[in-house]
>>> print(open('data-v7.cif').read())   # mmCIF, C-alpha atoms
data_input
#
loop_
_atom_site.label_atom_id
_atom_site.label_comp_id
_atom_site.auth_asym_id
_atom_site.auth_seq_id
_atom_site.Cartn_x
_atom_site.Cartn_y
_atom_site.Cartn_z
CA MET N 12 -0.45 48.46 4.61
CA SER N 13 -1.20 46.52 7.78
CA PRO N 14 1.81 46.25 10.11
CA LEU N 15 3.35 42.79 10.37
CA ASN N 16 3.89 41.51 13.87
CA LYS N 17 7.11 39.84 15.01
CA THR N 18 5.80 36.31 14.38
CA ASP N 19 4.76 37.23 10.82
CA LEU N 20 8.14 38.78 10.16
CA PHE N 21 9.91 35.71 11.53
CA ALA N 22 7.72 33.44 9.39
CA LEU N 23 8.41 35.58 6.31
CA GLY N 24 12.13 35.51 7.07
CA LEU N 25 12.11 31.73 7.45
CA PHE N 26 10.12 31.40 4.23
CA LEU N 27 12.66 33.50 2.30
CA LEU N 28 15.59 31.71 3.95
CA THR N 29 14.14 28.35 2.89
CA ILE N 30 13.77 29.56 -0.70
CA VAL N 31 17.41 30.72 -0.69
CA VAL N 32 18.62 27.39 0.76
CA ILE N 33 16.55 25.41 -1.79
CA LEU N 34 17.97 27.48 -4.65
CA ILE N 35 21.55 27.14 -3.41
CA THR N 36 21.26 23.39 -2.88
CA SER N 37 19.66 22.92 -6.30
CA LEU N 38 22.76 24.52 -7.84
CA ILE N 39 25.00 21.91 -6.22
CA LYS N 40 24.79 19.06 -8.71
CA LYS N 41 27.08 16.47 -7.09
CA ARG N 42 27.38 15.69 -3.42
CA LYS N 43 30.12 13.66 -1.80
CA HIS N 44 27.91 11.35 0.21
CA THR N 45 24.30 10.26 0.25
CA LEU N 46 22.21 10.77 3.37
CA GLN N 47 20.50 7.84 5.02
CA ALA N 48 16.85 7.56 4.02
CA PRO N 49 14.17 7.01 6.70
CA GLN N 50 13.95 3.26 7.42
CA ALA N 51 10.17 3.17 7.35
CA TYR N 52 10.03 4.16 3.68
CA GLU N 53 12.71 1.66 2.74
CA GLY N 54 10.28 -1.07 3.78
CA ILE N 55 7.90 -0.03 0.98
CA ASP N 56 10.33 -1.42 -1.61
CA THR N 57 10.28 -4.78 0.21
CA LEU N 58 6.48 -4.76 0.21
CA MET N 59 6.40 -4.00 -3.52
CA HIS N 60 8.68 -6.97 -4.24
CA ARG N 61 6.60 -9.17 -1.99
CA SER N 62 3.44 -8.08 -3.78
CA SER N 63 4.99 -8.95 -7.17
CA GLU N 64 6.48 -12.29 -6.10
CA GLU N 65 3.52 -13.63 -4.14
CA GLY N 66 0.85 -12.24 -6.43
CA LYS N 67 -0.82 -10.43 -3.59
CA SER N 68 -2.33 -7.00 -3.32
CA LEU N 69 -0.76 -3.96 -1.70
CA LEU N 70 -3.07 -1.68 0.27
CA ILE N 71 -2.39 2.05 0.54
CA GLY N 72 -4.24 4.19 3.10
CA LEU N 73 -4.05 7.91 2.34
CA GLY N 74 -5.78 9.19 5.49
CA GLU N 75 -8.16 12.05 5.94
CA GLY N 76 -6.93 14.34 3.24
CA PHE N 77 -6.92 18.03 2.61
CA SER N 78 -10.26 19.04 4.05
CA GLY N 79 -10.43 16.80 7.07
CA PHE N 80 -9.01 16.66 10.57
CA GLY N 81 -5.37 16.81 9.57
CA SER N 82 -5.56 19.28 6.72
CA GLY N 83 -2.07 20.14 5.64
CA LEU N 84 0.67 19.51 3.18
CA GLY N 85 1.31 16.11 4.65
CA ASP N 86 -1.19 14.62 2.28
CA VAL N 87 1.09 15.49 -0.61
CA THR N 88 3.54 12.94 0.80
CA GLY N 89 0.90 10.22 0.56
CA LEU N 90 0.14 11.14 -3.04
CA MET N 91 3.86 11.14 -3.91
CA VAL N 92 4.30 7.68 -2.41
CA GLU N 93 1.15 6.47 -4.17
CA LYS N 94 2.37 7.79 -7.53
CA THR N 95 5.78 6.12 -7.29
CA LEU N 96 4.30 2.91 -5.96
CA MET N 97 1.50 2.69 -8.54
CA ASN N 98 3.92 3.23 -11.43
CA ARG N 99 5.79 0.13 -10.28
CA VAL N 100 2.96 -2.27 -9.50
CA VAL N 101 0.72 -1.70 -12.52
CA PHE N 102 1.46 -5.14 -14.00
CA ASN N 103 1.29 -7.12 -10.74
CA ASP N 104 -1.05 -10.12 -10.64
CA ARG N 105 -3.11 -8.43 -7.97
CA PRO N 106 -3.46 -4.68 -8.35
CA ALA N 107 -2.61 -2.30 -5.53
CA GLN N 108 -5.58 -0.59 -3.92
CA SER N 109 -5.66 2.82 -2.31
CA PHE N 110 -8.17 4.20 0.18
CA SER N 111 -8.94 7.79 1.13
CA SER N 112 -11.27 9.35 3.71
CA ASP N 113 -11.79 12.63 1.90
CA GLY N 114 -13.50 13.55 -1.37
CA ALA N 115 -10.82 15.85 -2.79
CA LEU N 116 -8.04 13.43 -1.87
CA ALA N 117 -10.00 10.53 -3.41
CA CYS N 118 -10.39 12.46 -6.68
CA ILE N 119 -6.69 13.38 -6.91
CA SER N 120 -5.74 9.84 -5.95
CA HIS N 121 -8.07 8.52 -8.69
CA ALA N 122 -6.28 10.72 -11.23
CA ILE N 123 -2.90 9.41 -10.02
CA VAL N 124 -3.92 5.73 -10.19
CA HIS N 125 -5.54 6.17 -13.59
CA GLY N 126 -2.46 8.09 -14.78
CA ALA N 127 -0.17 5.24 -13.72
CA TYR N 128 -2.14 2.79 -15.89
CA LYS N 129 -2.31 5.28 -18.76
CA ASP N 130 1.46 5.92 -18.66
CA ALA N 131 2.03 2.17 -18.77
CA LEU N 132 -0.22 2.01 -21.88
CA ALA N 133 -2.53 -0.29 -19.93
CA SER N 134 -5.64 1.86 -19.45
CA GLU N 135 -7.84 -1.18 -20.10
CA LEU N 136 -6.52 -2.81 -16.90
CA PHE N 137 -7.66 0.08 -14.72
CA ARG N 138 -10.73 -0.40 -12.54
CA PRO N 139 -12.34 2.36 -10.45
CA GLU N 140 -12.26 0.15 -7.33
CA TYR N 141 -8.45 0.32 -7.30
CA ASN N 142 -8.95 3.67 -5.66
CA GLN N 143 -11.76 4.04 -3.18
CA LEU N 144 -13.32 6.59 -0.91
CA THR N 145 -13.82 4.66 2.31
CA GLY N 146 -15.84 7.25 4.15
CA LEU N 147 -16.59 10.92 4.58
CA SER N 148 -14.99 11.32 8.00
CA GLY N 149 -12.08 9.92 9.96
CA PHE N 150 -14.14 7.28 11.73
CA SER N 151 -16.06 6.13 8.67
CA GLY N 152 -12.79 6.00 6.73
CA LEU N 153 -11.32 3.85 9.47
CA ALA N 154 -14.35 1.56 9.44
CA GLY N 155 -14.15 1.32 5.64
CA ILE N 156 -10.56 0.11 5.52
CA LEU N 157 -10.94 -2.58 8.22
CA PRO N 158 -12.91 -5.14 6.08
CA GLU N 159 -10.21 -4.92 3.38
CA LEU N 160 -7.63 -6.22 5.85
CA SER N 161 -9.52 -9.43 6.45
CA ARG N 162 -8.94 -10.64 2.87
CA SER N 163 -6.31 -13.31 2.45
CA ASP N 164 -4.55 -11.78 -0.55
CA ASN N 165 -2.86 -8.78 1.04
CA ALA N 166 0.92 -8.42 0.74
CA GLY N 167 1.19 -5.37 2.94
CA LEU N 168 -0.35 -2.14 4.14
CA VAL N 169 1.12 1.33 3.69
CA LEU N 170 -0.51 4.15 5.66
CA VAL N 171 0.81 7.52 4.50
CA GLY N 172 -1.07 10.74 5.24
CA ALA N 173 -3.09 12.41 7.98
CA PHE N 174 -4.17 9.76 10.47
CA ARG N 175 -5.72 10.06 13.91
CA PRO N 176 -4.39 8.13 16.90
CA GLU N 177 -7.63 6.14 16.61
CA SER N 178 -6.31 4.67 13.35
CA LEU N 179 -4.14 2.47 15.55
CA ILE N 180 -7.00 -0.05 15.28
CA ILE N 181 -6.06 -0.50 11.60
CA ALA N 182 -2.44 -1.31 12.50
CA ASP N 183 -3.60 -3.67 15.26
CA LEU N 184 -5.88 -5.61 12.90
CA ALA N 185 -3.13 -5.76 10.27
CA GLU N 186 -0.79 -7.15 12.93
CA ARG N 187 -3.34 -9.83 13.85
CA GLN N 188 -3.69 -10.77 10.15
CA ASN N 189 0.13 -10.91 9.78
CA ILE N 190 0.11 -8.10 7.23
CA PRO N 191 3.35 -6.08 7.34
CA THR N 192 2.50 -2.42 7.92
CA ILE N 193 4.32 0.84 7.27
CA VAL N 194 3.02 4.02 8.85
CA ALA N 195 3.99 7.61 8.07
CA SER N 196 1.92 10.43 9.49
CA GLY N 197 2.80 14.07 10.01
CA LEU N 198 0.67 14.32 13.16
CA LEU N 199 2.54 13.82 16.42
CA PRO N 200 -0.37 12.20 18.37
CA ALA N 201 -0.69 9.61 15.60
CA GLN N 202 3.06 8.97 15.62
CA ALA N 203 2.98 8.40 19.39
CA ALA N 204 0.00 6.03 19.11
CA PHE N 205 1.50 4.02 16.24
CA PHE N 206 4.79 3.68 18.09
CA THR N 207 3.14 1.05 20.27
CA SER N 208 2.34 -1.12 17.24
CA GLN N 209 4.67 -3.40 15.29
CA ALA N 210 4.43 -1.19 12.22
CA ASP N 211 7.52 0.44 10.72
CA LEU N 212 7.08 4.08 11.63
CA ALA N 213 8.42 7.38 10.31
CA LEU N 214 9.10 9.63 13.30
CA GLY N 215 9.16 13.43 13.32
CA GLU N 216 10.03 15.12 10.05
CA ASP N 217 11.04 11.77 8.48
CA TYR N 218 7.47 11.78 7.24
CA TYR N 219 8.39 14.51 4.76
CA LEU N 220 11.24 12.49 3.26
CA PRO N 221 9.42 9.82 1.25
CA ALA N 222 12.30 7.60 0.20
CA VAL N 223 10.53 5.59 -2.48
CA GLY N 224 11.76 5.22 -6.04
CA LYS N 225 14.92 6.98 -7.19
CA GLN N 226 15.15 9.03 -3.99
CA SER N 227 16.64 12.12 -5.63
CA TYR N 228 13.82 14.21 -4.17
CA THR N 229 14.40 12.74 -0.72
CA GLN N 230 18.16 13.30 -0.85
CA ARG N 231 17.77 16.90 -1.88
CA SER N 232 15.09 17.59 0.75
CA ALA N 233 17.20 15.96 3.47
CA PHE N 234 20.12 18.14 2.40
CA VAL N 235 17.98 21.30 2.58
CA LEU N 236 16.56 20.25 5.97
CA ASN N 237 20.06 19.68 7.36
CA TRP N 238 21.08 23.18 6.27
CA LEU N 239 17.95 24.73 7.78
CA ARG N 240 18.42 22.82 11.05
CA THR N 241 22.01 24.04 11.30
CA LEU N 242 21.02 27.65 10.60
CA LEU N 243 18.16 27.49 13.10
CA ALA N 244 20.39 25.96 15.77
CA ILE N 245 22.95 28.74 15.26
CA GLY N 246 20.16 31.31 15.42
CA LEU N 247 18.77 29.84 18.66
CA VAL N 248 22.19 29.74 20.33
CA LEU N 249 22.89 33.33 19.25
CA ALA N 250 19.50 34.46 20.53
CA ALA N 251 20.13 32.73 23.87
CA ILE N 252 23.55 34.42 24.22
CA LEU N 253 22.07 37.83 23.35
CA LYS N 254 19.21 37.30 25.79
CA LEU N 255 21.56 36.26 28.62
CA SER N 256 23.91 39.16 27.94
CA GLY N 257 20.98 41.59 28.07
CA VAL N 258 21.19 42.78 24.44
CA ILE N 259 17.68 41.42 23.80
CA PRO N 260 15.25 42.64 26.48
CA MET V 16 6.85 23.06 -22.08
CA LYS V 17 3.13 22.67 -21.37
CA ASP V 18 3.96 21.08 -17.99
CA ARG V 19 6.35 23.92 -17.16
CA GLN V 20 3.66 26.52 -17.86
CA GLY V 21 1.36 24.77 -15.42
CA ILE V 22 4.07 24.66 -12.76
CA VAL V 23 4.84 28.38 -13.23
CA ILE V 24 1.15 29.30 -12.90
CA ILE V 25 0.76 27.12 -9.79
CA ALA V 26 3.95 28.51 -8.24
CA LEU V 27 2.91 32.13 -8.84
CA ALA V 28 -0.62 31.53 -7.56
CA GLY V 29 0.71 29.74 -4.47
CA ILE V 30 3.26 32.44 -3.62
CA LEU V 31 0.72 35.25 -4.16
CA PHE V 32 -1.82 33.42 -1.97
CA LEU V 33 0.82 32.96 0.71
CA LEU V 34 1.82 36.62 0.63
CA ALA V 35 -1.85 37.63 0.76
CA LEU V 36 -2.11 35.73 4.05
CA PHE V 37 0.52 38.04 5.56
CA PHE V 38 -1.08 41.28 4.46
CA GLN V 39 -4.55 40.93 5.93
CA PRO V 40 -7.05 42.62 6.32
CA LYS V 41 -6.21 44.49 3.08
CA THR V 42 -6.20 41.22 1.14
CA SER V 43 -9.14 39.65 3.02
CA ALA V 44 -11.59 40.16 0.15
CA ILE V 45 -9.36 38.31 -2.31
CA LEU V 46 -8.66 35.56 0.21
CA ASN V 47 -12.39 35.07 0.83
CA VAL V 48 -13.05 34.67 -2.89
CA ILE V 49 -10.25 32.09 -3.21
CA ILE V 50 -11.45 30.19 -0.12
CA ASN V 51 -14.99 30.12 -1.56
CA TRP V 52 -13.65 28.68 -4.82
CA THR V 53 -11.80 26.04 -2.82
CA ILE V 54 -14.99 25.12 -0.93
CA VAL V 55 -16.98 24.81 -4.19
CA LEU V 56 -14.25 22.67 -5.78
CA SER V 57 -13.97 20.46 -2.68
CA SER V 58 -17.74 19.95 -2.65
CA VAL V 59 -17.77 18.94 -6.32
CA ALA V 60 -14.86 16.58 -5.64
CA LEU V 61 -16.79 15.09 -2.73
CA LEU V 62 -19.87 14.53 -4.92
CA LEU V 63 -17.72 12.81 -7.53
CA ALA V 64 -16.08 10.63 -4.90
CA VAL V 65 -19.46 9.65 -3.42
CA ALA V 66 -20.79 8.78 -6.89
CA ARG V 67 -17.77 6.53 -7.43
CA LEU V 68 -18.22 4.99 -3.98
CA ILE V 69 -21.82 4.09 -4.88
CA THR V 70 -20.84 2.57 -8.24
CA THR V 71 -18.05 0.57 -6.60
CA HIS V 72 -20.44 -0.93 -4.03
CA MET V 73 -23.01 -1.62 -6.76
CA ARG V 74 -20.31 -3.55 -8.63
CA HIS V 75 -19.44 -5.48 -5.44
CA ILE V 76 -23.08 -6.55 -5.11
CA ALA V 77 -23.45 -7.34 -8.82
CA VAL V 78 -20.43 -9.68 -8.91
CA GLY V 79 -21.13 -11.11 -5.43
CA ARG V 80 -17.71 -10.13 -4.12
CA ARG V 81 -16.81 -11.59 -0.72
CA GLY V 82 -18.18 -9.26 1.94
CA PHE V 83 -20.84 -7.76 -0.35
CA LEU V 84 -23.21 -7.76 2.63
CA PHE V 85 -21.26 -4.75 3.89
CA SER V 86 -22.15 -3.06 0.61
CA LEU V 87 -25.84 -3.77 1.25
CA VAL V 88 -25.52 -2.27 4.74
CA PHE V 89 -23.81 0.75 3.17
CA PHE V 90 -26.66 1.21 0.70
CA ALA V 91 -29.34 0.91 3.38
CA ALA V 92 -27.59 3.44 5.65
CA PHE V 93 -26.81 5.82 2.80
CA ALA V 94 -30.38 5.69 1.46
CA ALA V 95 -31.90 6.27 4.91
CA ALA V 96 -29.60 9.24 5.64
CA PHE V 97 -30.00 10.70 2.13
CA ILE V 98 -33.80 10.39 1.92
CA GLY V 99 -34.20 11.65 5.51
CA GLY V 100 -31.97 14.64 4.76
CA MET V 101 -33.77 15.45 1.51
CA PHE V 102 -37.27 15.39 2.96
CA MET V 103 -36.67 16.71 6.47
CA GLY V 104 -33.76 19.08 5.68
CA GLU V 105 -30.18 18.47 6.82
CA GLY V 106 -30.53 21.05 9.62
CA ASN V 107 -33.75 19.58 11.00
CA PRO V 108 -33.27 18.93 14.78
CA GLU V 109 -35.27 15.68 14.62
CA TYR V 110 -33.20 14.42 11.72
CA LEU V 111 -29.94 15.36 13.44
CA LYS V 112 -31.12 13.71 16.67
CA TRP V 113 -31.91 10.56 14.72
CA ILE V 114 -28.51 10.54 13.01
CA ARG V 115 -26.64 11.24 16.27
CA ALA V 116 -28.55 8.46 18.04
CA ILE V 117 -26.90 6.01 15.65
CA GLN V 118 -23.54 7.67 15.13
CA LEU V 119 -22.62 8.52 18.72
CA PRO V 120 -22.99 5.01 20.21
CA LEU V 121 -21.04 3.59 17.26
CA GLU V 122 -18.17 6.06 17.70
CA THR V 123 -18.20 5.60 21.47
CA ALA V 124 -17.99 1.83 21.04
CA LEU V 125 -15.09 2.30 18.65
CA LEU V 126 -13.30 4.53 21.16
CA GLY V 127 -13.90 1.95 23.90
CA LEU V 128 -12.36 -0.69 21.66
CA LEU V 129 -9.46 1.65 20.98
CA ALA V 130 -8.79 2.05 24.71
CA LEU V 131 -8.47 -1.73 25.03
CA VAL V 132 -6.27 -1.97 21.91
CA MET V 133 -3.99 0.81 23.18
CA MET V 134 -3.68 -0.80 26.59
CA SER V 135 -2.75 -4.19 25.14
CA LEU V 136 -0.28 -2.64 22.70
CA ALA V 137 1.31 -0.54 25.44
CA VAL V 138 2.05 -3.77 27.31
CA LYS V 139 3.28 -5.50 24.15
CA VAL V 140 5.56 -2.65 23.03
CA PHE V 141 8.55 -3.94 25.01
CA ARG V 142 8.18 -7.44 23.59
CA GLU V 143 7.79 -6.21 20.01
CA ARG V 144 10.38 -3.43 19.93
CA GLY V 145 12.74 -4.80 22.59
CA TRP V 146 14.27 -3.13 25.64
CA SER V 147 15.98 -0.12 24.12
CA VAL V 148 16.63 3.38 25.45
CA LEU V 149 13.75 4.62 23.29
CA THR V 150 11.17 2.07 24.48
CA ILE V 151 12.17 2.36 28.15
CA SER V 152 12.07 6.15 28.11
CA PHE V 153 8.76 5.99 26.21
CA GLY V 154 7.18 3.70 28.83
CA VAL V 155 8.64 5.41 31.87
CA SER V 156 7.79 8.92 30.70
CA ALA V 157 4.23 7.90 29.74
CA LEU V 158 3.64 6.42 33.20
CA PHE V 159 5.39 9.25 35.00
CA PHE V 160 3.47 12.05 33.29
CA LEU V 161 0.20 10.14 33.56
CA PHE V 162 0.76 9.97 37.32
CA LEU V 163 1.88 13.61 37.48
CA ASN V 164 -1.16 14.90 35.57
CA LEU V 165 -3.52 13.06 37.91
CA GLY V 166 -2.69 15.80 40.41
CA PHE V 167 -1.35 13.71 43.32
CA LEU V 168 1.72 15.92 43.71
CA LYS V 169 -0.22 19.18 43.96
CA SER V 170 0.44 20.22 47.54
CA GLY V 171 -1.04 23.72 47.68
CA VAL V 172 1.01 24.18 50.83
CA ASN V 173 4.54 24.23 49.52
CA PRO V 174 4.91 26.82 46.69
CA GLY V 175 8.38 25.50 45.89
CA LEU V 176 7.06 21.99 45.25
CA ASP V 177 4.22 23.36 43.13
CA ARG V 178 6.67 25.33 40.99
CA PHE V 179 8.80 22.20 40.61
CA VAL V 180 5.76 20.15 39.52
CA ILE V 181 4.75 22.82 36.99
CA ALA V 182 8.31 22.82 35.61
CA LEU V 183 8.21 19.02 35.32
CA LYS V 184 4.85 19.16 33.56
CA SER V 185 6.30 21.49 30.93
CA LEU V 186 8.99 18.96 29.94
CA PRO V 187 6.81 17.07 27.40
CA VAL V 188 5.82 20.42 25.87
CA ILE V 189 9.50 21.21 25.29
CA GLY V 190 9.99 17.86 23.55
CA ALA V 191 6.84 18.33 21.50
CA ARG V 192 8.01 21.80 20.42
CA GLY V 193 11.31 20.36 19.27
CA LEU V 194 9.50 17.75 17.19
CA LEU V 195 7.04 20.33 15.88
CA ILE V 196 9.89 22.59 14.69
CA GLY V 197 11.26 19.62 12.72
CA VAL V 198 7.83 18.75 11.31
CA ALA V 199 7.17 22.41 10.40
CA LEU V 200 10.52 22.65 8.59
CA GLY V 201 9.73 19.43 6.72
CA ALA V 202 6.31 20.77 5.71
CA LEU V 203 7.81 24.10 4.64
CA VAL V 204 10.49 22.50 2.47
CA MET V 205 7.98 20.09 0.93
CA GLY V 206 5.47 22.88 0.29
CA LEU V 207 8.01 25.07 -1.44
CA ARG V 208 9.40 22.21 -3.49
CA VAL V 209 5.84 21.33 -4.60
CA LEU V 210 5.35 24.97 -5.59
CA PHE V 211 8.60 24.94 -7.58
CA GLY V 212 7.59 21.72 -9.33
CA GLN V 213 10.46 19.70 -7.87
CA VAL V 214 8.43 16.71 -6.69
CA VAL V 215 8.77 14.77 -9.93
CA GLU V 216 12.39 13.89 -9.15
CA ASN V 217 11.60 10.64 -7.34
CA GLU V 218 9.92 9.04 -10.35
#
>>> encode(input="data-v7.cif", output="structure tokens")
Amino acid sequence: MSPLNKTDLFALGLFLLTIVVILITSLIKKRKHTLQAPQAYEGIDTLMHRSSEEGKSLLIGLGEGFSGFGSGLGDVTGLMVEKTLMNRVVFNDRPAQSFSSDGALACISHAIVHGAYKDALASELFRPEYNQLTGLSGFSGLAGILPELSRSDNAGLVLVGAFRPESLIIADLAERQNIPTIVASGLLPAQAAFFTSQADLALGEDYYLPAVGKQSYTQRSAFVLNWLRTLLAIGLVLAAILKLSGVIP
Amino acid sequence: MKDRQGIVIIALAGILFLLALFFQPKTSAILNVIINWTIVLSSVALLLAVARLITTHMRHIAVGRRGFLFSLVFFAAFAAAFIGGMFMGEGNPEYLKWIRAIQLPLETALLGLLALVMMSLAVKVFRERGWSVLTISFGVSALFFLFLNLGFLKSGVNPGLDRFVIALKSLPVIGARGLLIGVALGALVMGLRVLFGQVVENE
């Protein structure tokens, strides 16, 4: 067996610790207080109501997906948000539309959108253009979503997924068209770039707490994250004390 | 029950794949096979997505949707790239030169536009988000580290000053590491909860 280095062992330890914390927290059925959900995601509910009341369309940008620039789990967040959102806006006057810049993501997103219509027993209302591949790369995806913003029937724009800092152009155009925008990206450069825009923004790990729908997933994840943060902070302080006292070379 | 079986299979496959990553090179052969499967599946998914993209644009043209001229431009560009690639080969230097001659100026122009957008938004950030501790520290630190990284404070004469400048330059890295730890924890928790089939709770 190949020897594991210190980093691997630490990663394995953290992995096991997270599993233990998730299992322990899933055993706790009732908690005394609810944790505050990230503000950016709370705005999605407002956009959904606006879309229903004004009969306008909601646009969802899912970013570059699994095989692109920002490959990672972050894309799962976008799909979760899309699923919850689509289930709620199926019978709106103007259907919600989602856009992806990656083939695999576009296919999964297609299945989710189609599933939402099927679950609502309204398969006949589904159209393939409700879910579109806007391009095969980050730039072409960006260029593909821009014309959609110039339509007059948009209630809002939700960008959730892997986005480049360059995608700031999307938020800027949305701002010029008076389209309320919500941005959640797991990539720090994109978060820094979008901070300069008017868009509601999920900062740091808030991205992984998609507070849309019933929020039980978000509450539980926030609870687990709080536990892990506390344990890591204790570990770091202990390590610093041991290092200063010379126990750790 | 059927759903639970799927979740169990996915969870087991995910955990085994994760463990295989730790025990390389013994597990390299298995990992290579799995990665090849992933590439094949991604390629098929891409083909499907492109086929749907084409049908969507065909529909836009057929019904005369507003902005259907963009769809015509898409078809012309797609056909030129596709036919060129089929006849000349996608690795042909002439073909690649031809594609780059169009793509590079377009992307450069987009980046130039982005620079202007970022500059205007950086000025507007205080008006839009107000004068808060966060916005002020954001603006001041951006300007300060931009100035610092230009190299004006590199004396080369005073080693103490140089060490101080290097220490200052490492400050953003410390902040970024703090954020990255948070993001990594978030990704880890989400990944494991997806593996355990706990993502359906929000519905």
>>> closest_residue(input="data-v7.cif", among="V:Ser135, V:Ser57, V:Ser185, V:Thr123", to="chain N", atoms="all atoms listed in the file")
V:Ser57
>>> closest_residue(input="data-v7.cif", among="V:Phe159, V:Phe211, V:Tyr110, V:Phe32", to="chain N", atoms="all atoms listed in the file")
V:Phe211
>>> residues_around(input="data-v7.cif", residues="Ala157 (chain V)", least_positions_apart="4", cutoff="12 Å", atoms="all atoms listed in the file", output="PyMOL selection string")
(chain N and resi 203-204+207) or (chain V and resi 137+149-153+161-164+184+187)
>>> resolve_selection(input="data-v7.cif", expression="the PyMOL selection byres ((chain N and resi 181) around 12)", output="PDB file with C-alpha atoms, in the coordinates of the input")
ATOM      1  CA  LEU N  70      -3.070  -1.680   0.270  1.00  0.00           C
ATOM      2  CA  ILE N  71      -2.390   2.050   0.540  1.00  0.00           C
ATOM      3  CA  GLY N  72      -4.240   4.190   3.100  1.00  0.00           C
ATOM      4  CA  GLY N  74      -5.780   9.190   5.490  1.00  0.00           C
ATOM      5  CA  PHE N 150     -14.140   7.280  11.730  1.00  0.00           C
ATOM      6  CA  GLY N 152     -12.790   6.000   6.730  1.00  0.00           C
ATOM      7  CA  LEU N 153     -11.320   3.850   9.470  1.00  0.00           C
ATOM      8  CA  ALA N 154     -14.350   1.560   9.440  1.00  0.00           C
ATOM      9  CA  GLY N 155     -14.150   1.320   5.640  1.00  0.00           C
ATOM     10  CA  ILE N 156     -10.560   0.110   5.520  1.00  0.00           C
ATOM     11  CA  LEU N 157     -10.940  -2.580   8.220  1.00  0.00           C
ATOM     12  CA  PRO N 158     -12.910  -5.140   6.080  1.00  0.00           C
ATOM     13  CA  GLU N 159     -10.210  -4.920   3.380  1.00  0.00           C
ATOM     14  CA  LEU N 160      -7.630  -6.220   5.850  1.00  0.00           C
ATOM     15  CA  SER N 161      -9.520  -9.430   6.450  1.00  0.00           C
ATOM     16  CA  LEU N 168      -0.350  -2.140   4.140  1.00  0.00           C
ATOM     17  CA  VAL N 169       1.120   1.330   3.690  1.00  0.00           C
ATOM     18  CA  LEU N 170      -0.510   4.150   5.660  1.00  0.00           C
ATOM     19  CA  PHE N 174      -4.170   9.760  10.470  1.00  0.00           C
ATOM     20  CA  ARG N 175      -5.720  10.060  13.910  1.00  0.00           C
ATOM     21  CA  PRO N 176      -4.390   8.130  16.900  1.00  0.00           C
ATOM     22  CA  GLU N 177      -7.630   6.140  16.610  1.00  0.00           C
ATOM     23  CA  SER N 178      -6.310   4.670  13.350  1.00  0.00           C
ATOM     24  CA  LEU N 179      -4.140   2.470  15.550  1.00  0.00           C
ATOM     25  CA  ILE N 180      -7.000  -0.050  15.280  1.00  0.00           C
ATOM     26  CA  ALA N 182      -2.440  -1.310  12.500  1.00  0.00           C
ATOM     27  CA  ASP N 183      -3.600  -3.670  15.260  1.00  0.00           C
ATOM     28  CA  LEU N 184      -5.880  -5.610  12.900  1.00  0.00           C
ATOM     29  CA  ALA N 185      -3.130  -5.760  10.270  1.00  0.00           C
ATOM     30  CA  GLU N 186      -0.790  -7.150  12.930  1.00  0.00           C
ATOM     31  CA  ARG N 187      -3.340  -9.830  13.850  1.00  0.00           C
ATOM     32  CA  GLN N 188      -3.690 -10.770  10.150  1.00  0.00           C
ATOM     33  CA  ILE N 190       0.110  -8.100   7.230  1.00  0.00           C
ATOM     34  CA  PRO N 191       3.350  -6.080   7.340  1.00  0.00           C
ATOM     35  CA  THR N 192       2.500  -2.420   7.920  1.00  0.00           C
ATOM     36  CA  ILE N 193       4.320   0.840   7.270  1.00  0.00           C
ATOM     37  CA  VAL N 194       3.020   4.020   8.850  1.00  0.00           C
ATOM     38  CA  ALA N 204       0.000   6.030  19.110  1.00  0.00           C
ATOM     39  CA  PHE N 205       1.500   4.020  16.240  1.00  0.00           C
ATOM     40  CA  SER N 208       2.340  -1.120  17.240  1.00  0.00           C
ATOM     41  CA  GLN N 209       4.670  -3.400  15.290  1.00  0.00           C
ATOM     42  CA  ALA N 210       4.430  -1.190  12.220  1.00  0.00           C
TER      43      ALA N 210
ATOM     44  CA  LEU V 125     -15.090   2.300  18.650  1.00  0.00           C
ATOM     45  CA  LEU V 128     -12.360  -0.690  21.660  1.00  0.00           C
ATOM     46  CA  LEU V 129      -9.460   1.650  20.980  1.00  0.00           C
ATOM     47  CA  VAL V 132      -6.270  -1.970  21.910  1.00  0.00           C
ATOM     48  CA  MET V 133      -3.990   0.810  23.180  1.00  0.00           C
TER      49      MET V 133
END
>>> atom_distance(input="data-v7.cif", atom1="CA of Phe206 (chain N)", atom2="CA of Val171 (chain N)")
14.7 Å
>>> atom_distance(input="data-v7.cif", atom1="CA of Ala199 (chain V)", atom2="CA of Glu75 (chain N)")
19.0 Å
>>> resolve_selection(input="data-v7.cif", expression="the PyMOL selection byres ((chain N and resi 92-100) around 9)", output="number ranges by chain")
N: 55-56, 59, 62-63, 69, 71, 73, 87-91, 101-107, 109, 120, 123-124, 126-128, 130-131, 171, 221-224; V: 217-218
>>> atom_distance(input="data-v7.cif", atom1="CA of Asn189 (chain N)", atom2="CA of Glu65 (chain N)")
14.6 Å
>>> resolve_selection(input="data-v7.cif", expression="the PyMOL selection byres ((chain V and resi 86-89) around 9)", output="ChimeraX atom specification")
/V:69,72-73,75-76,82-85,90-94
>>> closest_residue(input="data-v7.cif", among="V:Val55, V:Ile22, V:Leu176, V:Leu68", to="His121 (chain N)", atoms="only C-alpha atoms")
V:Leu68
